[in-house]
Amino acid sequence: AIIREIFAATTSAAKILGVDEALQQQIKEATVRLYPYQIGKQGGLQEWYHDFEAKDPHHRHLSHLVGVFPGNQISPEINSELSQAAMRTIELRGPRSTGWSKGWRIGLYARLLDGENAYSYYRSLLSYTRALNTKVKASGVLGGTYPNMLDAHPPFQIDANFAAPAGVAELLVQSQFGSIDLLPALPKAWAKGSFRGLRARGAFEVDLRWRKGEIDRGSILSLAGSECILRSHTPLKIKGVKATTEKKDEWYVVKFPTEKGKRYEFVVK
């Protein structure tokens with residue numbers, strides 16, 4: 001998964017810059033030789049070449065899901081079967097984890113568009129409880145955060161303190177596949193709220209306010225002047241610009257041109 005991610009990022013950068021055509025071809029040829037993702041007999045994403053019996057089936061590591069988050073090789077947008085297998089993988093591993101692992105699960109569930117499970121781990125991460133695993137408990141490992149809000153994976157790991165807010169941001173804005181998705185996995189507990197300054201791919205900065213779980217108003221700052229594509233569960237009106245809107249599945253898709261350095265406000269249509 002990590003190799004695939006590096007290959008994809010390198011190729012994308014080379015295409016944008018218009019360089020390294022020979023390297024792009026080498027990467028393309030190497031990518032097709034990588035072992036494909038497989039679904040195991042229990043319905044989860046297969047971790048190894050063969051569907052081995054897990055020696056530690058409830059271990060907190062989820063290394064084979066790096067293609068879900070922080071990568072974007074597996075997503076409900078592009079491969080629903082693998083996404084379901086990723087969900088099953090987390091389920092099979094069970095809830096026992098420490099701070100950094102809980103932070104990662106927030107991001108994983110956000111990318112899999114499961115806001116409720118992501119929120120559950122967010123609340124769990126903010127607790128100060130001992131892990132359930134006997135061996136871990138005996139070693140004094142704690143499962144959430146210390147009273148000073150630092151990750152309680154003894155003695156301390158910064159991972160959860162980075163992963164948790166990254167996961168929260170993914171619940172509010174995602175931009176993996178060319179569009180900016182607003183509130184893609186909003187938990188019911190966050191029926192009302194706002195944020196400012198979240199960055200999206202394509203060089204955009206997003207401000208947003210919502211009420212009763214639906215968008216109220218917001219704005220997009222264009223930092224590069226490229227076309228903006230917004231997706232939301234409610235139709236939006238972009239002020240002062242001609243935009244096209246269409247309905248695709250559960251999303252309203254709005255496209256409009258932008259100018260570098262200009263901010264565009266939008267409201268519910």
# chains A, B, ... in the order shown; residues from 1 in each chain; ligands from 1
>>> select_by_dssp(residues="region 1-72 of chain A", states="helix (DSSP H, G or I)", output="ChimeraX atom specification")
/A:2-17,21-31,63-65
>>> select_by_dssp(residues="region 144-222 of chain A", states="strand (DSSP E or B)", output="MDAnalysis selection string")
chainID A and resid 145 151 173:174 180:182 193:200 204:211 214:222
>>> write_last_selection(atoms="N, CA and C atoms", output="tab-separated table (two decimals), in the first residue's frame")
chain	number	residue	atom	x	y	z
A	145	THR	N	-6.03	9.69	26.48
A	145	THR	CA	-5.15	10.84	26.66
A	145	THR	C	-4.98	11.13	28.14
A	151	ASP	N	-1.13	12.21	24.28
A	151	ASP	CA	-1.43	10.81	24.03
A	151	ASP	C	-0.93	9.93	25.17
A	173	VAL	N	-14.30	17.92	5.88
A	173	VAL	CA	-13.96	18.22	4.48
A	173	VAL	C	-13.07	17.11	3.93
A	174	GLN	N	-13.39	16.62	2.74
A	174	GLN	CA	-12.52	15.68	2.05
A	174	GLN	C	-12.34	16.14	0.61
A	180	ILE	N	-14.34	18.99	-3.69
A	180	ILE	CA	-14.28	19.31	-2.27
A	180	ILE	C	-15.60	18.87	-1.66
A	181	ASP	N	-15.56	17.83	-0.83
A	181	ASP	CA	-16.77	17.28	-0.23
A	181	ASP	C	-17.00	17.91	1.14
A	182	LEU	N	-18.11	18.59	1.28
A	182	LEU	CA	-18.44	19.31	2.51
A	182	LEU	C	-19.28	18.43	3.44
A	193	GLY	N	-22.36	23.57	14.22
A	193	GLY	CA	-20.94	23.88	14.37
A	193	GLY	C	-20.41	24.73	13.24
A	194	SER	N	-19.12	24.97	13.30
A	194	SER	CA	-18.46	25.76	12.26
A	194	SER	C	-16.97	25.49	12.31
A	195	PHE	N	-16.29	25.80	11.21
A	195	PHE	CA	-14.84	25.77	11.18
A	195	PHE	C	-14.34	26.83	10.22
A	196	ARG	N	-13.07	27.17	10.36
A	196	ARG	CA	-12.44	28.17	9.50
A	196	ARG	C	-11.06	27.68	9.08
A	197	GLY	N	-10.72	27.92	7.82
A	197	GLY	CA	-9.36	27.73	7.36
A	197	GLY	C	-8.91	26.32	7.07
A	198	LEU	N	-9.83	25.38	6.86
A	198	LEU	CA	-9.40	24.03	6.49
A	198	LEU	C	-8.98	24.02	5.01
A	199	ARG	N	-7.83	23.44	4.73
A	199	ARG	CA	-7.31	23.41	3.36
A	199	ARG	C	-7.82	22.18	2.62
A	200	ALA	N	-8.06	22.37	1.32
A	200	ALA	CA	-8.49	21.28	0.45
A	200	ALA	C	-7.54	21.18	-0.74
A	204	PHE	N	-7.34	25.29	-2.15
A	204	PHE	CA	-8.52	26.01	-1.67
A	204	PHE	C	-8.53	26.02	-0.14
A	205	GLU	N	-9.12	27.05	0.41
A	205	GLU	CA	-9.29	27.16	1.86
A	205	GLU	C	-10.78	27.31	2.15
A	206	VAL	N	-11.29	26.52	3.10
A	206	VAL	CA	-12.73	26.42	3.31
A	206	VAL	C	-13.12	26.92	4.70
A	207	ASP	N	-14.16	27.76	4.74
A	207	ASP	CA	-14.85	28.14	5.98
A	207	ASP	C	-16.28	27.62	5.86
A	208	LEU	N	-16.86	27.15	6.96
A	208	LEU	CA	-18.20	26.57	6.87
A	208	LEU	C	-18.94	26.69	8.20
A	209	ARG	N	-20.25	26.88	8.08
A	209	ARG	CA	-21.13	26.85	9.26
A	209	ARG	C	-22.32	25.97	8.93
A	210	TRP	N	-22.74	25.15	9.89
A	210	TRP	CA	-23.90	24.29	9.66
A	210	TRP	C	-24.83	24.29	10.86
A	211	ARG	N	-26.11	23.99	10.60
A	211	ARG	CA	-27.15	23.93	11.62
A	211	ARG	C	-28.01	22.71	11.37
A	214	GLU	N	-27.05	20.29	8.63
A	214	GLU	CA	-27.00	20.70	7.23
A	214	GLU	C	-26.28	22.04	7.09
A	215	ILE	N	-25.66	22.24	5.94
A	215	ILE	CA	-24.91	23.47	5.68
A	215	ILE	C	-25.80	24.69	5.77
A	216	ASP	N	-25.31	25.71	6.41
A	216	ASP	CA	-26.00	27.00	6.50
A	216	ASP	C	-25.37	27.99	5.52
A	217	ARG	N	-24.06	28.19	5.66
A	217	ARG	CA	-23.33	29.08	4.76
A	217	ARG	C	-21.83	28.80	4.87
A	218	GLY	N	-21.08	29.35	3.95
A	218	GLY	CA	-19.63	29.17	3.99
A	218	GLY	C	-18.94	29.95	2.90
A	219	SER	N	-17.64	29.73	2.77
A	219	SER	CA	-16.89	30.42	1.73
A	219	SER	C	-15.68	29.59	1.32
A	220	ILE	N	-15.21	29.85	0.10
A	220	ILE	CA	-14.05	29.19	-0.47
A	220	ILE	C	-13.05	30.25	-0.90
A	221	LEU	N	-11.82	30.17	-0.40
A	221	LEU	CA	-10.75	31.05	-0.86
A	221	LEU	C	-9.91	30.28	-1.87
A	222	SER	N	-9.82	30.83	-3.09
A	222	SER	CA	-9.03	30.19	-4.14
A	222	SER	C	-7.60	30.70	-4.08
>>> residues_around(residues="Gly71 (chain A)", least_positions_apart="2", cutoff="10 Å", atoms="only C-alpha atoms", output="PyMOL selection string")
chain A and resi 1-2+4-6+8-9+65-69+73-75+108+111+176
>>> residues_around(residues="region 23-36 of chain A", least_positions_apart="2", cutoff="12 Å", atoms="only C-alpha atoms", output="PyMOL selection string")
chain A and resi 1-21+38-39+45-50+73+82
>>> residues_around(residues="region 243-245 of chain A", least_positions_apart="2", cutoff="10 Å", atoms="only C-alpha atoms", output="list in words")
Cys228, Ile229, Leu230, Arg231, Pro235, Leu236, Lys237, Ile238, Lys239, Gly240, Val241, Lys247, Lys248, Tyr252, Val253, Val254, Lys255, Phe256 and Pro257 of chain A
>>> residues_around(residues="Lys212 (chain A)", least_positions_apart="4", cutoff="12 Å", atoms="only C-alpha atoms", output="list in words")
Leu186, Pro187, Lys188, Ala189, Trp190, Ala191, Lys192, Gly193, Ser194 and Asp216 of chain A
>>> write_last_selection(atoms="all heavy atoms", output="PDB file, in the first residue's frame")
ATOM      1  N   LEU A 186     -20.373  13.713   8.785  1.00  0.00           N
ATOM      2  CA  LEU A 186     -20.670  14.469  10.005  1.00  0.00           C
ATOM      3  C   LEU A 186     -21.387  13.597  11.028  1.00  0.00           C
ATOM      4  O   LEU A 186     -22.447  13.042  10.740  1.00  0.00           O
ATOM      5  CB  LEU A 186     -21.547  15.672   9.652  1.00  0.00           C
ATOM      6  CG  LEU A 186     -21.832  16.644  10.793  1.00  0.00           C
ATOM      7  CD1 LEU A 186     -20.576  17.428  11.155  1.00  0.00           C
ATOM      8  CD2 LEU A 186     -22.964  17.593  10.414  1.00  0.00           C
ATOM      9  N   PRO A 187     -20.846  13.465  12.248  1.00  0.00           N
ATOM     10  CA  PRO A 187     -21.544  12.706  13.298  1.00  0.00           C
ATOM     11  C   PRO A 187     -22.814  13.436  13.742  1.00  0.00           C
ATOM     12  O   PRO A 187     -22.879  14.667  13.724  1.00  0.00           O
ATOM     13  CB  PRO A 187     -20.520  12.660  14.438  1.00  0.00           C
ATOM     14  CG  PRO A 187     -19.208  13.031  13.818  1.00  0.00           C
ATOM     15  CD  PRO A 187     -19.528  13.952  12.700  1.00  0.00           C
ATOM     16  N   LYS A 188     -23.814  12.674  14.146  1.00  0.00           N
ATOM     17  CA  LYS A 188     -25.069  13.278  14.598  1.00  0.00           C
ATOM     18  C   LYS A 188     -24.857  14.171  15.813  1.00  0.00           C
ATOM     19  O   LYS A 188     -25.585  15.157  15.998  1.00  0.00           O
ATOM     20  CB  LYS A 188     -26.077  12.171  14.929  1.00  0.00           C
ATOM     21  CG  LYS A 188     -26.551  11.401  13.709  1.00  0.00           C
ATOM     22  CD  LYS A 188     -27.533  10.307  14.104  1.00  0.00           C
ATOM     23  CE  LYS A 188     -28.008   9.521  12.880  1.00  0.00           C
ATOM     24  NZ  LYS A 188     -28.930   8.414  13.261  1.00  0.00           N
ATOM     25  N   ALA A 189     -23.865  13.850  16.628  1.00  0.00           N
ATOM     26  CA  ALA A 189     -23.595  14.642  17.832  1.00  0.00           C
ATOM     27  C   ALA A 189     -23.145  16.064  17.498  1.00  0.00           C
ATOM     28  O   ALA A 189     -23.247  16.965  18.332  1.00  0.00           O
ATOM     29  CB  ALA A 189     -22.540  13.954  18.692  1.00  0.00           C
ATOM     30  N   TRP A 190     -22.634  16.259  16.301  1.00  0.00           N
ATOM     31  CA  TRP A 190     -22.184  17.594  15.873  1.00  0.00           C
ATOM     32  C   TRP A 190     -23.227  18.233  14.964  1.00  0.00           C
ATOM     33  O   TRP A 190     -22.938  18.649  13.852  1.00  0.00           O
ATOM     34  CB  TRP A 190     -20.842  17.497  15.144  1.00  0.00           C
ATOM     35  CG  TRP A 190     -19.718  17.035  16.005  1.00  0.00           C
ATOM     36  CD1 TRP A 190     -19.711  16.921  17.364  1.00  0.00           C
ATOM     37  CD2 TRP A 190     -18.426  16.601  15.561  1.00  0.00           C
ATOM     38  NE1 TRP A 190     -18.503  16.430  17.804  1.00  0.00           N
ATOM     39  CE2 TRP A 190     -17.692  16.236  16.724  1.00  0.00           C
ATOM     40  CE3 TRP A 190     -17.819  16.489  14.317  1.00  0.00           C
ATOM     41  CZ2 TRP A 190     -16.386  15.764  16.665  1.00  0.00           C
ATOM     42  CZ3 TRP A 190     -16.519  16.013  14.244  1.00  0.00           C
ATOM     43  CH2 TRP A 190     -15.811  15.668  15.407  1.00  0.00           C
ATOM     44  N   ALA A 191     -24.458  18.304  15.435  1.00  0.00           N
ATOM     45  CA  ALA A 191     -25.560  18.833  14.619  1.00  0.00           C
ATOM     46  C   ALA A 191     -25.370  20.303  14.290  1.00  0.00           C
ATOM     47  O   ALA A 191     -25.879  20.799  13.283  1.00  0.00           O
ATOM     48  CB  ALA A 191     -26.889  18.631  15.352  1.00  0.00           C
ATOM     49  N   LYS A 192     -24.613  20.997  15.107  1.00  0.00           N
ATOM     50  CA  LYS A 192     -24.393  22.433  14.918  1.00  0.00           C
ATOM     51  C   LYS A 192     -22.914  22.731  15.089  1.00  0.00           C
ATOM     52  O   LYS A 192     -22.270  22.203  16.003  1.00  0.00           O
ATOM     53  CB  LYS A 192     -25.208  23.228  15.941  1.00  0.00           C
ATOM     54  CG  LYS A 192     -25.002  24.725  15.908  1.00  0.00           C
ATOM     55  CD  LYS A 192     -25.835  25.383  16.997  1.00  0.00           C
ATOM     56  CE  LYS A 192     -25.613  26.895  17.025  1.00  0.00           C
ATOM     57  NZ  LYS A 192     -26.402  27.537  18.107  1.00  0.00           N
ATOM     58  N   GLY A 193     -22.358  23.572  14.218  1.00  0.00           N
ATOM     59  CA  GLY A 193     -20.942  23.883  14.370  1.00  0.00           C
ATOM     60  C   GLY A 193     -20.411  24.735  13.243  1.00  0.00           C
ATOM     61  O   GLY A 193     -21.152  25.161  12.344  1.00  0.00           O
ATOM     62  N   SER A 194     -19.124  24.972  13.302  1.00  0.00           N
ATOM     63  CA  SER A 194     -18.464  25.762  12.260  1.00  0.00           C
ATOM     64  C   SER A 194     -16.968  25.491  12.305  1.00  0.00           C
ATOM     65  O   SER A 194     -16.450  24.993  13.301  1.00  0.00           O
ATOM     66  CB  SER A 194     -18.721  27.258  12.463  1.00  0.00           C
ATOM     67  OG  SER A 194     -18.129  27.711  13.666  1.00  0.00           O
ATOM     68  N   ASP A 216     -25.306  25.715   6.411  1.00  0.00           N
ATOM     69  CA  ASP A 216     -25.997  27.002   6.502  1.00  0.00           C
ATOM     70  C   ASP A 216     -25.369  27.989   5.521  1.00  0.00           C
ATOM     71  O   ASP A 216     -26.020  28.537   4.647  1.00  0.00           O
ATOM     72  CB  ASP A 216     -25.918  27.537   7.935  1.00  0.00           C
ATOM     73  CG  ASP A 216     -26.603  28.878   8.088  1.00  0.00           C
ATOM     74  OD1 ASP A 216     -27.514  29.175   7.296  1.00  0.00           O
ATOM     75  OD2 ASP A 216     -26.207  29.646   8.993  1.00  0.00           O
TER      76      ASP A 216
END
>>> closest_residue(among="A:Glu77, A:Val268, A:Tyr109, A:Asp56", to="Ser175 (chain A)", atoms="only C-alpha atoms")
A:Glu77
>>> closest_residue(among="A:Ala54, A:Thr98, A:Leu183, A:Val267", to="Pro154 (chain A)", atoms="only C-alpha atoms")
A:Thr98
>>> atom_distance(atom1="CA of Asp114 (chain A)", atom2="CA of Tyr264 (chain A)")
29.2 Å
>>> closest_residue(among="A:Asn79, A:Ser120, A:Thr89, A:Thr234", to="Gly43 (chain A)", atoms="only C-alpha atoms")
A:Thr89
>>> atom_distance(atom1="CA of Gly261 (chain A)", atom2="CA of Lys242 (chain A)")
17.8 Å
>>> residues_around(residues="region 57-60 of chain A", least_positions_apart="4", cutoff="8 Å", atoms="only C-alpha atoms", output="PyMOL selection string")
chain A and resi 92-94+96-98+101
>>> closest_residue(among="A:Arg201, A:Lys41, A:His61, A:Arg88", to="Trp100 (chain A)", atoms="only C-alpha atoms")
A:His61
>>> atom_distance(atom1="CA of Gly115 (chain A)", atom2="CA of Gly144 (chain A)")
19.2 Å
